[in-house]
$ cat target_20.txt   # compact mmCIF, N, CA and C atoms
# COMPACT_ATOMS: atom_id res chain seq x y z
N GLN S 6 -5.76 20.14 2.09
CA GLN S 6 -6.08 19.01 1.24
C GLN S 6 -5.46 17.76 1.84
N VAL S 7 -6.23 16.69 1.88
CA VAL S 7 -5.73 15.47 2.50
C VAL S 7 -4.61 14.87 1.66
N GLN S 8 -3.60 14.36 2.34
CA GLN S 8 -2.49 13.69 1.69
C GLN S 8 -2.26 12.34 2.36
N LEU S 9 -1.64 11.43 1.62
CA LEU S 9 -1.24 10.14 2.16
C LEU S 9 0.26 10.18 2.40
N VAL S 10 0.65 9.94 3.63
CA VAL S 10 2.06 10.00 4.02
C VAL S 10 2.55 8.59 4.31
N GLU S 11 3.49 8.13 3.51
CA GLU S 11 4.00 6.77 3.62
C GLU S 11 5.29 6.74 4.43
N SER S 12 5.52 5.60 5.06
CA SER S 12 6.78 5.36 5.75
C SER S 12 7.10 3.88 5.67
N GLY S 13 8.36 3.58 5.90
CA GLY S 13 8.82 2.20 5.81
C GLY S 13 9.51 1.95 4.50
N GLY S 14 9.64 0.70 4.16
CA GLY S 14 10.37 0.34 2.95
C GLY S 14 11.86 0.27 3.22
N GLY S 15 12.62 0.20 2.14
CA GLY S 15 14.07 0.11 2.27
C GLY S 15 14.60 -1.14 1.63
N LEU S 16 15.68 -1.67 2.21
CA LEU S 16 16.38 -2.82 1.64
C LEU S 16 16.20 -4.04 2.52
N ALA S 17 15.91 -5.17 1.90
CA ALA S 17 15.80 -6.43 2.63
C ALA S 17 16.45 -7.53 1.80
N GLN S 18 16.89 -8.56 2.49
CA GLN S 18 17.43 -9.72 1.79
C GLN S 18 16.30 -10.65 1.39
N PRO S 19 16.50 -11.45 0.39
CA PRO S 19 15.49 -12.45 0.04
C PRO S 19 15.15 -13.30 1.27
N GLY S 20 13.84 -13.49 1.46
CA GLY S 20 13.37 -14.21 2.64
C GLY S 20 13.14 -13.32 3.84
N GLY S 21 13.54 -12.08 3.73
CA GLY S 21 13.37 -11.15 4.84
C GLY S 21 12.00 -10.49 4.87
N SER S 22 11.87 -9.53 5.78
CA SER S 22 10.59 -8.85 5.98
C SER S 22 10.77 -7.34 6.02
N LEU S 23 9.75 -6.66 5.60
CA LEU S 23 9.66 -5.21 5.71
C LEU S 23 8.22 -4.83 5.97
N GLY S 24 8.03 -3.66 6.56
CA GLY S 24 6.69 -3.16 6.80
C GLY S 24 6.53 -1.76 6.24
N LEU S 25 5.36 -1.48 5.73
CA LEU S 25 5.01 -0.16 5.22
C LEU S 25 3.81 0.36 5.99
N SER S 26 3.74 1.65 6.15
CA SER S 26 2.55 2.26 6.72
C SER S 26 2.21 3.51 5.93
N CYS S 27 0.95 3.89 5.99
CA CYS S 27 0.46 5.04 5.22
C CYS S 27 -0.68 5.67 6.01
N ALA S 28 -0.53 6.95 6.30
CA ALA S 28 -1.54 7.66 7.08
C ALA S 28 -2.10 8.82 6.29
N ALA S 29 -3.40 9.01 6.39
CA ALA S 29 -4.03 10.17 5.79
C ALA S 29 -3.85 11.36 6.72
N SER S 30 -3.42 12.48 6.15
CA SER S 30 -3.20 13.68 6.94
C SER S 30 -3.70 14.91 6.18
N PRO S 31 -4.61 15.69 6.76
CA PRO S 31 -5.28 15.44 8.04
C PRO S 31 -6.24 14.26 7.96
N ALA S 32 -6.75 13.82 9.07
CA ALA S 32 -7.67 12.67 9.10
C ALA S 32 -8.84 12.94 8.17
N ASP S 33 -9.21 11.90 7.45
CA ASP S 33 -10.27 12.04 6.45
C ASP S 33 -11.17 10.82 6.55
N PHE S 34 -12.35 11.00 7.09
CA PHE S 34 -13.24 9.87 7.29
C PHE S 34 -14.19 9.65 6.13
N SER S 35 -13.88 10.31 4.99
CA SER S 35 -14.59 9.99 3.76
C SER S 35 -13.87 8.88 2.99
N ILE S 36 -12.70 8.45 3.52
CA ILE S 36 -11.95 7.39 2.85
C ILE S 36 -12.68 6.06 3.00
N THR S 37 -12.76 5.33 1.90
CA THR S 37 -13.40 4.02 1.92
C THR S 37 -12.33 2.93 1.78
N VAL S 38 -12.00 2.57 0.56
CA VAL S 38 -10.99 1.53 0.33
C VAL S 38 -9.60 2.14 0.37
N MET S 39 -8.68 1.42 1.01
CA MET S 39 -7.26 1.80 0.99
C MET S 39 -6.47 0.62 0.44
N GLY S 40 -5.34 0.93 -0.17
CA GLY S 40 -4.58 -0.17 -0.74
C GLY S 40 -3.14 0.20 -1.05
N TRP S 41 -2.42 -0.81 -1.45
CA TRP S 41 -1.03 -0.67 -1.85
C TRP S 41 -0.87 -1.15 -3.29
N TYR S 42 -0.11 -0.38 -4.04
CA TYR S 42 0.22 -0.70 -5.42
C TYR S 42 1.73 -0.64 -5.56
N ARG S 43 2.25 -1.23 -6.62
CA ARG S 43 3.68 -1.14 -6.85
C ARG S 43 3.97 -0.99 -8.33
N GLN S 44 5.13 -0.43 -8.59
CA GLN S 44 5.50 -0.17 -9.98
C GLN S 44 7.00 -0.32 -10.15
N VAL S 45 7.36 -1.05 -11.20
CA VAL S 45 8.74 -1.20 -11.62
C VAL S 45 8.93 -0.33 -12.85
N PRO S 46 10.05 0.38 -12.98
CA PRO S 46 10.24 1.23 -14.17
C PRO S 46 10.00 0.47 -15.46
N GLY S 47 9.20 1.08 -16.34
CA GLY S 47 8.87 0.46 -17.61
C GLY S 47 7.64 -0.41 -17.58
N ASN S 48 7.12 -0.66 -16.36
CA ASN S 48 5.92 -1.49 -16.23
C ASN S 48 4.76 -0.66 -15.70
N GLN S 49 3.55 -1.21 -15.88
CA GLN S 49 2.38 -0.55 -15.33
C GLN S 49 2.32 -0.73 -13.82
N ARG S 50 1.67 0.21 -13.17
CA ARG S 50 1.45 0.09 -11.74
C ARG S 50 0.45 -1.05 -11.50
N GLU S 51 0.73 -1.90 -10.54
CA GLU S 51 -0.14 -3.04 -10.28
C GLU S 51 -0.62 -3.03 -8.83
N SER S 52 -1.81 -3.56 -8.65
CA SER S 52 -2.37 -3.66 -7.31
C SER S 52 -1.68 -4.78 -6.54
N VAL S 53 -1.33 -4.50 -5.30
CA VAL S 53 -0.72 -5.50 -4.42
C VAL S 53 -1.76 -6.03 -3.44
N ALA S 54 -2.44 -5.11 -2.76
CA ALA S 54 -3.43 -5.50 -1.77
C ALA S 54 -4.34 -4.32 -1.48
N THR S 55 -5.60 -4.62 -1.20
CA THR S 55 -6.55 -3.58 -0.83
C THR S 55 -7.36 -4.03 0.38
N ILE S 56 -7.92 -3.06 1.08
CA ILE S 56 -8.74 -3.37 2.26
C ILE S 56 -9.84 -2.33 2.37
N THR S 57 -11.05 -2.80 2.62
CA THR S 57 -12.17 -1.89 2.79
C THR S 57 -12.22 -1.40 4.23
N SER S 58 -13.08 -0.43 4.48
CA SER S 58 -13.23 0.08 5.84
C SER S 58 -13.79 -1.00 6.76
N GLY S 59 -14.45 -1.99 6.19
CA GLY S 59 -14.98 -3.10 6.98
C GLY S 59 -14.00 -4.24 7.15
N GLY S 60 -12.81 -4.09 6.54
CA GLY S 60 -11.78 -5.10 6.74
C GLY S 60 -11.72 -6.21 5.69
N ILE S 61 -12.46 -6.06 4.62
CA ILE S 61 -12.40 -7.05 3.55
C ILE S 61 -11.13 -6.81 2.74
N THR S 62 -10.35 -7.86 2.56
CA THR S 62 -9.05 -7.73 1.90
C THR S 62 -9.04 -8.44 0.56
N ASN S 63 -8.13 -7.99 -0.28
CA ASN S 63 -7.91 -8.61 -1.58
C ASN S 63 -6.42 -8.52 -1.88
N TYR S 64 -5.85 -9.61 -2.38
CA TYR S 64 -4.42 -9.66 -2.64
C TYR S 64 -4.13 -10.09 -4.07
N ALA S 65 -3.04 -9.60 -4.60
CA ALA S 65 -2.53 -10.12 -5.86
C ALA S 65 -2.06 -11.55 -5.61
N ASP S 66 -2.22 -12.40 -6.61
CA ASP S 66 -1.82 -13.80 -6.45
C ASP S 66 -0.34 -13.91 -6.08
N SER S 67 0.48 -13.00 -6.58
CA SER S 67 1.92 -13.09 -6.38
C SER S 67 2.34 -12.83 -4.93
N VAL S 68 1.45 -12.25 -4.13
CA VAL S 68 1.83 -11.93 -2.74
C VAL S 68 0.99 -12.69 -1.71
N LYS S 69 0.01 -13.43 -2.16
CA LYS S 69 -0.85 -14.16 -1.22
C LYS S 69 -0.01 -15.10 -0.34
N GLY S 70 -0.30 -15.06 0.95
CA GLY S 70 0.42 -15.91 1.88
C GLY S 70 1.72 -15.31 2.37
N ARG S 71 2.16 -14.22 1.76
CA ARG S 71 3.41 -13.58 2.17
C ARG S 71 3.17 -12.16 2.71
N PHE S 72 2.23 -11.44 2.12
CA PHE S 72 1.95 -10.07 2.52
C PHE S 72 0.63 -10.02 3.28
N THR S 73 0.56 -9.10 4.24
CA THR S 73 -0.68 -8.89 4.99
C THR S 73 -0.99 -7.41 5.05
N ILE S 74 -2.19 -7.06 4.61
CA ILE S 74 -2.64 -5.68 4.69
C ILE S 74 -3.57 -5.56 5.90
N SER S 75 -3.44 -4.45 6.60
CA SER S 75 -4.31 -4.19 7.74
C SER S 75 -4.58 -2.70 7.82
N ARG S 76 -5.51 -2.36 8.69
CA ARG S 76 -5.96 -0.97 8.70
C ARG S 76 -6.43 -0.58 10.09
N ASP S 77 -6.14 0.65 10.46
CA ASP S 77 -6.66 1.24 11.69
C ASP S 77 -7.54 2.41 11.26
N ASN S 78 -8.84 2.21 11.27
CA ASN S 78 -9.75 3.26 10.79
C ASN S 78 -9.69 4.51 11.66
N ALA S 79 -9.50 4.32 12.96
CA ALA S 79 -9.46 5.47 13.86
C ALA S 79 -8.27 6.37 13.56
N LYS S 80 -7.19 5.76 13.07
CA LYS S 80 -5.99 6.52 12.75
C LYS S 80 -5.87 6.82 11.27
N ASN S 81 -6.86 6.36 10.49
CA ASN S 81 -6.80 6.59 9.04
C ASN S 81 -5.49 6.06 8.45
N THR S 82 -5.07 4.91 8.93
CA THR S 82 -3.77 4.37 8.56
C THR S 82 -3.92 2.96 8.01
N VAL S 83 -3.17 2.67 6.97
CA VAL S 83 -3.12 1.34 6.39
C VAL S 83 -1.68 0.83 6.46
N TYR S 84 -1.55 -0.48 6.68
CA TYR S 84 -0.25 -1.09 6.84
C TYR S 84 -0.08 -2.23 5.82
N LEU S 85 1.16 -2.51 5.49
CA LEU S 85 1.47 -3.67 4.66
C LEU S 85 2.68 -4.37 5.27
N GLN S 86 2.45 -5.56 5.78
CA GLN S 86 3.53 -6.38 6.30
C GLN S 86 3.96 -7.35 5.21
N MET S 87 5.22 -7.28 4.86
CA MET S 87 5.74 -8.09 3.76
C MET S 87 6.75 -9.09 4.31
N ASN S 88 6.43 -10.36 4.20
CA ASN S 88 7.30 -11.43 4.67
C ASN S 88 7.78 -12.28 3.50
N ASN S 89 8.82 -13.04 3.75
CA ASN S 89 9.38 -13.92 2.73
C ASN S 89 9.56 -13.17 1.41
N LEU S 90 10.20 -12.04 1.49
CA LEU S 90 10.36 -11.19 0.32
C LEU S 90 11.21 -11.86 -0.75
N LYS S 91 10.89 -11.55 -1.99
CA LYS S 91 11.59 -12.08 -3.15
C LYS S 91 12.16 -10.93 -3.97
N PRO S 92 13.20 -11.17 -4.74
CA PRO S 92 13.75 -10.09 -5.58
C PRO S 92 12.71 -9.46 -6.49
N GLU S 93 11.75 -10.25 -6.93
CA GLU S 93 10.71 -9.71 -7.82
C GLU S 93 9.73 -8.80 -7.10
N ASP S 94 9.84 -8.69 -5.78
CA ASP S 94 9.03 -7.72 -5.04
C ASP S 94 9.64 -6.32 -5.09
N THR S 95 10.84 -6.20 -5.63
CA THR S 95 11.49 -4.91 -5.73
C THR S 95 10.67 -3.98 -6.62
N ALA S 96 10.33 -2.81 -6.07
CA ALA S 96 9.49 -1.86 -6.79
C ALA S 96 9.33 -0.62 -5.92
N VAL S 97 8.72 0.40 -6.51
CA VAL S 97 8.24 1.53 -5.71
C VAL S 97 6.81 1.21 -5.31
N TYR S 98 6.55 1.27 -4.02
CA TYR S 98 5.23 0.95 -3.48
C TYR S 98 4.47 2.25 -3.18
N TYR S 99 3.23 2.29 -3.65
CA TYR S 99 2.38 3.46 -3.49
C TYR S 99 1.15 3.10 -2.66
N CYS S 100 0.82 3.98 -1.75
CA CYS S 100 -0.43 3.88 -1.00
C CYS S 100 -1.51 4.61 -1.80
N GLN S 101 -2.73 4.07 -1.76
CA GLN S 101 -3.84 4.69 -2.48
C GLN S 101 -5.09 4.62 -1.62
N ALA S 102 -5.94 5.64 -1.77
CA ALA S 102 -7.20 5.65 -1.02
C ALA S 102 -8.32 6.17 -1.91
N ASP S 103 -9.47 5.53 -1.81
CA ASP S 103 -10.69 6.01 -2.46
C ASP S 103 -11.46 6.84 -1.45
N ARG S 104 -12.10 7.90 -1.94
CA ARG S 104 -12.85 8.80 -1.06
C ARG S 104 -14.27 8.98 -1.56
N ARG S 105 -15.14 9.42 -0.69
CA ARG S 105 -16.54 9.66 -1.06
C ARG S 105 -16.73 11.05 -1.66
N ARG S 106 -15.67 11.87 -1.66
CA ARG S 106 -15.79 13.18 -2.27
C ARG S 106 -14.52 13.47 -3.04
N THR S 107 -14.57 14.50 -3.86
CA THR S 107 -13.43 14.81 -4.71
C THR S 107 -12.26 15.30 -3.90
N PRO S 108 -11.06 14.98 -4.29
CA PRO S 108 -10.76 14.00 -5.33
C PRO S 108 -11.10 12.58 -4.86
N TYR S 109 -11.68 11.81 -5.74
CA TYR S 109 -12.20 10.50 -5.37
C TYR S 109 -11.10 9.45 -5.17
N ALA S 110 -9.91 9.75 -5.64
CA ALA S 110 -8.77 8.86 -5.44
C ALA S 110 -7.53 9.69 -5.18
N ILE S 111 -6.78 9.29 -4.16
CA ILE S 111 -5.54 9.99 -3.82
C ILE S 111 -4.42 8.97 -3.67
N TRP S 112 -3.18 9.44 -3.88
CA TRP S 112 -2.00 8.58 -3.87
C TRP S 112 -0.93 9.14 -2.95
N GLY S 113 -0.17 8.23 -2.36
CA GLY S 113 1.02 8.63 -1.63
C GLY S 113 2.16 8.91 -2.59
N GLN S 114 3.28 9.33 -2.02
CA GLN S 114 4.41 9.75 -2.85
C GLN S 114 5.24 8.58 -3.34
N GLY S 115 5.05 7.42 -2.75
CA GLY S 115 5.81 6.24 -3.15
C GLY S 115 7.01 6.02 -2.26
N THR S 116 7.32 4.76 -1.99
CA THR S 116 8.48 4.41 -1.20
C THR S 116 9.16 3.19 -1.83
N GLN S 117 10.48 3.22 -1.88
CA GLN S 117 11.23 2.18 -2.56
C GLN S 117 11.39 0.96 -1.67
N VAL S 118 11.12 -0.20 -2.24
CA VAL S 118 11.41 -1.47 -1.59
C VAL S 118 12.37 -2.23 -2.51
N THR S 119 13.51 -2.60 -1.97
CA THR S 119 14.50 -3.34 -2.73
C THR S 119 14.83 -4.63 -2.01
N VAL S 120 14.72 -5.73 -2.74
CA VAL S 120 15.03 -7.04 -2.18
C VAL S 120 16.24 -7.59 -2.93
N SER S 121 17.32 -7.70 -2.21
CA SER S 121 18.57 -8.11 -2.85
C SER S 121 19.51 -8.66 -1.82
N SER S 122 20.31 -9.62 -2.23
CA SER S 122 21.34 -10.17 -1.35
C SER S 122 22.66 -9.41 -1.53
$ encode --input "target_20.txt" --output "C-alpha cells"
Amino acid sequence: QVQLVESGGGLAQPGGSLGLSCAASPADFSITVMGWYRQVPGNQRESVATITSGGITNYADSVKGRFTISRDNAKNTVYLQMNNLKPEDTAVYYCQADRRRTPYAIWGQGTQVTVSS
C-alpha cells in the first residue's frame, strides 16, 4: 500500500528557513494533487499549499510570498520551502495526496515545525 514519507522540519528561529519533503513509497503514478497541511493542537487542520501534477499551485494567504511548494513528478515527491518563518507557523505539518483510485486520499505521518527564538 502506498505511503507518504515525510522528512525535514524541526526548529527554526523567527525569520529563518526550513524545508520539508514528502515522497510516495512505492511510486504511485495515480497521484494527482499533492499538498501540505498543518495543525495546531485544538485547531482544525488547515491547508498550507497544494500543487497539481501540472504544476498549478495554491497557497494559504498566511504563507503567500514566504512558502514555496514544488514537485518532482518522476520521483513522486513534493517539497515545501519555508522562508521568513514566524512563530505562528509552528504546527505539525502533514503531506497529503489525492489519487485516482482507492484510497482516494492519503496522508503522511506528520512532522513538527517549531519557530521560536
$ closest_residue --input "target_20.txt" --among "S:Ala79, S:Leu9, S:Leu23, S:Ile74" --to "S:Val118" --atoms "only C-alpha atoms"
S:Leu23
$ residues_near_point --input "target_20.txt" --point "(5.8, -9.1, 5.6)" --cutoff "5 Å" --atoms "all atoms listed in the file" --output "list in words"
Ser22, Leu23, Arg71, Gln86, Met87 and Asn88 of chain S
$ closest_residue --input "target_20.txt" --among "S:Gly70, S:Gly40, S:Gly13, S:Gly115" --to "S:Val53" --atoms "all atoms listed in the file"
S:Gly40
$ closest_residue --input "target_20.txt" --among "S:Gln101, S:Ser121, S:Gln6, S:Thr82" --to "S:Pro31" --atoms "only C-alpha atoms"
S:Gln6
$ residues_around --input "target_20.txt" --residues "S:Ala28" --least-positions-apart "2" --cutoff "6 Å" --atoms "all atoms listed in the file" --output "ChimeraX atom specification"
/S:8-11,26,30,81-83
$ atom_distance --input "target_20.txt" --atom1 "atom N of S:Ala17" --atom2 "atom C of S:Thr119"
4.1 Å
$ decode --input "target_20.txt" --residues "stretch 81-107 of chain S" --atoms "N, CA and C atoms" --output "PDB file, in the first residue's frame"
ATOM      1  N   ASN S  81       7.780  11.305  -7.598  1.00  0.00           N
ATOM      2  CA  ASN S  81       6.589  11.255  -6.738  1.00  0.00           C
ATOM      3  C   ASN S  81       6.832  11.997  -5.420  1.00  0.00           C
ATOM      4  N   THR S  82       7.503  13.126  -5.507  1.00  0.00           N
ATOM      5  CA  THR S  82       7.914  13.856  -4.318  1.00  0.00           C
ATOM      6  C   THR S  82       7.426  15.296  -4.382  1.00  0.00           C
ATOM      7  N   VAL S  83       6.973  15.786  -3.243  1.00  0.00           N
ATOM      8  CA  VAL S  83       6.561  17.175  -3.116  1.00  0.00           C
ATOM      9  C   VAL S  83       7.417  17.834  -2.036  1.00  0.00           C
ATOM     10  N   TYR S  84       7.725  19.109  -2.252  1.00  0.00           N
ATOM     11  CA  TYR S  84       8.590  19.852  -1.354  1.00  0.00           C
ATOM     12  C   TYR S  84       7.860  21.112  -0.853  1.00  0.00           C
ATOM     13  N   LEU S  85       8.273  21.571   0.307  1.00  0.00           N
ATOM     14  CA  LEU S  85       7.787  22.848   0.818  1.00  0.00           C
ATOM     15  C   LEU S  85       8.978  23.605   1.387  1.00  0.00           C
ATOM     16  N   GLN S  86       9.326  24.697   0.739  1.00  0.00           N
ATOM     17  CA  GLN S  86      10.382  25.570   1.228  1.00  0.00           C
ATOM     18  C   GLN S  86       9.731  26.700   2.012  1.00  0.00           C
ATOM     19  N   MET S  87      10.117  26.821   3.251  1.00  0.00           N
ATOM     20  CA  MET S  87       9.508  27.806   4.145  1.00  0.00           C
ATOM     21  C   MET S  87      10.554  28.840   4.533  1.00  0.00           C
ATOM     22  N   ASN S  88      10.333  30.074   4.115  1.00  0.00           N
ATOM     23  CA  ASN S  88      11.245  31.172   4.419  1.00  0.00           C
ATOM     24  C   ASN S  88      10.557  32.208   5.304  1.00  0.00           C
ATOM     25  N   ASN S  89      11.357  33.044   5.912  1.00  0.00           N
ATOM     26  CA  ASN S  89      10.832  34.100   6.782  1.00  0.00           C
ATOM     27  C   ASN S  89       9.794  33.531   7.756  1.00  0.00           C
ATOM     28  N   LEU S  90      10.170  32.480   8.420  1.00  0.00           N
ATOM     29  CA  LEU S  90       9.249  31.797   9.320  1.00  0.00           C
ATOM     30  C   LEU S  90       8.838  32.683  10.480  1.00  0.00           C
ATOM     31  N   LYS S  91       7.609  32.489  10.929  1.00  0.00           N
ATOM     32  CA  LYS S  91       7.040  33.224  12.041  1.00  0.00           C
ATOM     33  C   LYS S  91       6.619  32.253  13.134  1.00  0.00           C
ATOM     34  N   PRO S  92       6.553  32.694  14.373  1.00  0.00           N
ATOM     35  CA  PRO S  92       6.111  31.794  15.451  1.00  0.00           C
ATOM     36  C   PRO S  92       4.758  31.157  15.173  1.00  0.00           C
ATOM     37  N   GLU S  93       3.890  31.875  14.482  1.00  0.00           N
ATOM     38  CA  GLU S  93       2.565  31.331  14.178  1.00  0.00           C
ATOM     39  C   GLU S  93       2.596  30.232  13.121  1.00  0.00           C
ATOM     40  N   ASP S  94       3.755  29.984  12.531  1.00  0.00           N
ATOM     41  CA  ASP S  94       3.901  28.848  11.620  1.00  0.00           C
ATOM     42  C   ASP S  94       4.142  27.544  12.377  1.00  0.00           C
ATOM     43  N   THR S  95       4.345  27.630  13.678  1.00  0.00           N
ATOM     44  CA  THR S  95       4.562  26.442  14.485  1.00  0.00           C
ATOM     45  C   THR S  95       3.341  25.535  14.428  1.00  0.00           C
ATOM     46  N   ALA S  96       3.574  24.275  14.040  1.00  0.00           N
ATOM     47  CA  ALA S  96       2.481  23.324  13.878  1.00  0.00           C
ATOM     48  C   ALA S  96       3.074  21.979  13.480  1.00  0.00           C
ATOM     49  N   VAL S  97       2.220  20.977  13.449  1.00  0.00           N
ATOM     50  CA  VAL S  97       2.581  19.709  12.805  1.00  0.00           C
ATOM     51  C   VAL S  97       2.158  19.819  11.347  1.00  0.00           C
ATOM     52  N   TYR S  98       3.088  19.575  10.459  1.00  0.00           N
ATOM     53  CA  TYR S  98       2.839  19.674   9.020  1.00  0.00           C
ATOM     54  C   TYR S  98       2.632  18.273   8.442  1.00  0.00           C
ATOM     55  N   TYR S  99       1.561  18.142   7.658  1.00  0.00           N
ATOM     56  CA  TYR S  99       1.192  16.873   7.053  1.00  0.00           C
ATOM     57  C   TYR S  99       1.227  16.984   5.535  1.00  0.00           C
ATOM     58  N   CYS S 100       1.784  15.975   4.919  1.00  0.00           N
ATOM     59  CA  CYS S 100       1.735  15.840   3.470  1.00  0.00           C
ATOM     60  C   CYS S 100       0.451  15.091   3.106  1.00  0.00           C
ATOM     61  N   GLN S 101      -0.160  15.474   1.991  1.00  0.00           N
ATOM     62  CA  GLN S 101      -1.387  14.820   1.548  1.00  0.00           C
ATOM     63  C   GLN S 101      -1.349  14.645   0.043  1.00  0.00           C
ATOM     64  N   ALA S 102      -1.968  13.557  -0.427  1.00  0.00           N
ATOM     65  CA  ALA S 102      -2.029  13.318  -1.867  1.00  0.00           C
ATOM     66  C   ALA S 102      -3.396  12.773  -2.242  1.00  0.00           C
ATOM     67  N   ASP S 103      -3.919  13.268  -3.350  1.00  0.00           N
ATOM     68  CA  ASP S 103      -5.139  12.728  -3.946  1.00  0.00           C
ATOM     69  C   ASP S 103      -4.745  11.700  -4.989  1.00  0.00           C
ATOM     70  N   ARG S 104      -5.539  10.635  -5.092  1.00  0.00           N
ATOM     71  CA  ARG S 104      -5.242   9.557  -6.034  1.00  0.00           C
ATOM     72  C   ARG S 104      -6.441   9.280  -6.922  1.00  0.00           C
ATOM     73  N   ARG S 105      -6.200   8.644  -8.044  1.00  0.00           N
ATOM     74  CA  ARG S 105      -7.277   8.283  -8.963  1.00  0.00           C
ATOM     75  C   ARG S 105      -7.937   6.967  -8.580  1.00  0.00           C
ATOM     76  N   ARG S 106      -7.392   6.276  -7.572  1.00  0.00           N
ATOM     77  CA  ARG S 106      -8.014   5.037  -7.137  1.00  0.00           C
ATOM     78  C   ARG S 106      -7.984   4.991  -5.624  1.00  0.00           C
ATOM     79  N   THR S 107      -8.729   4.068  -5.068  1.00  0.00           N
ATOM     80  CA  THR S 107      -8.839   3.995  -3.615  1.00  0.00           C
ATOM     81  C   THR S 107      -7.536   3.545  -2.990  1.00  0.00           C
TER      82      THR S 107
END
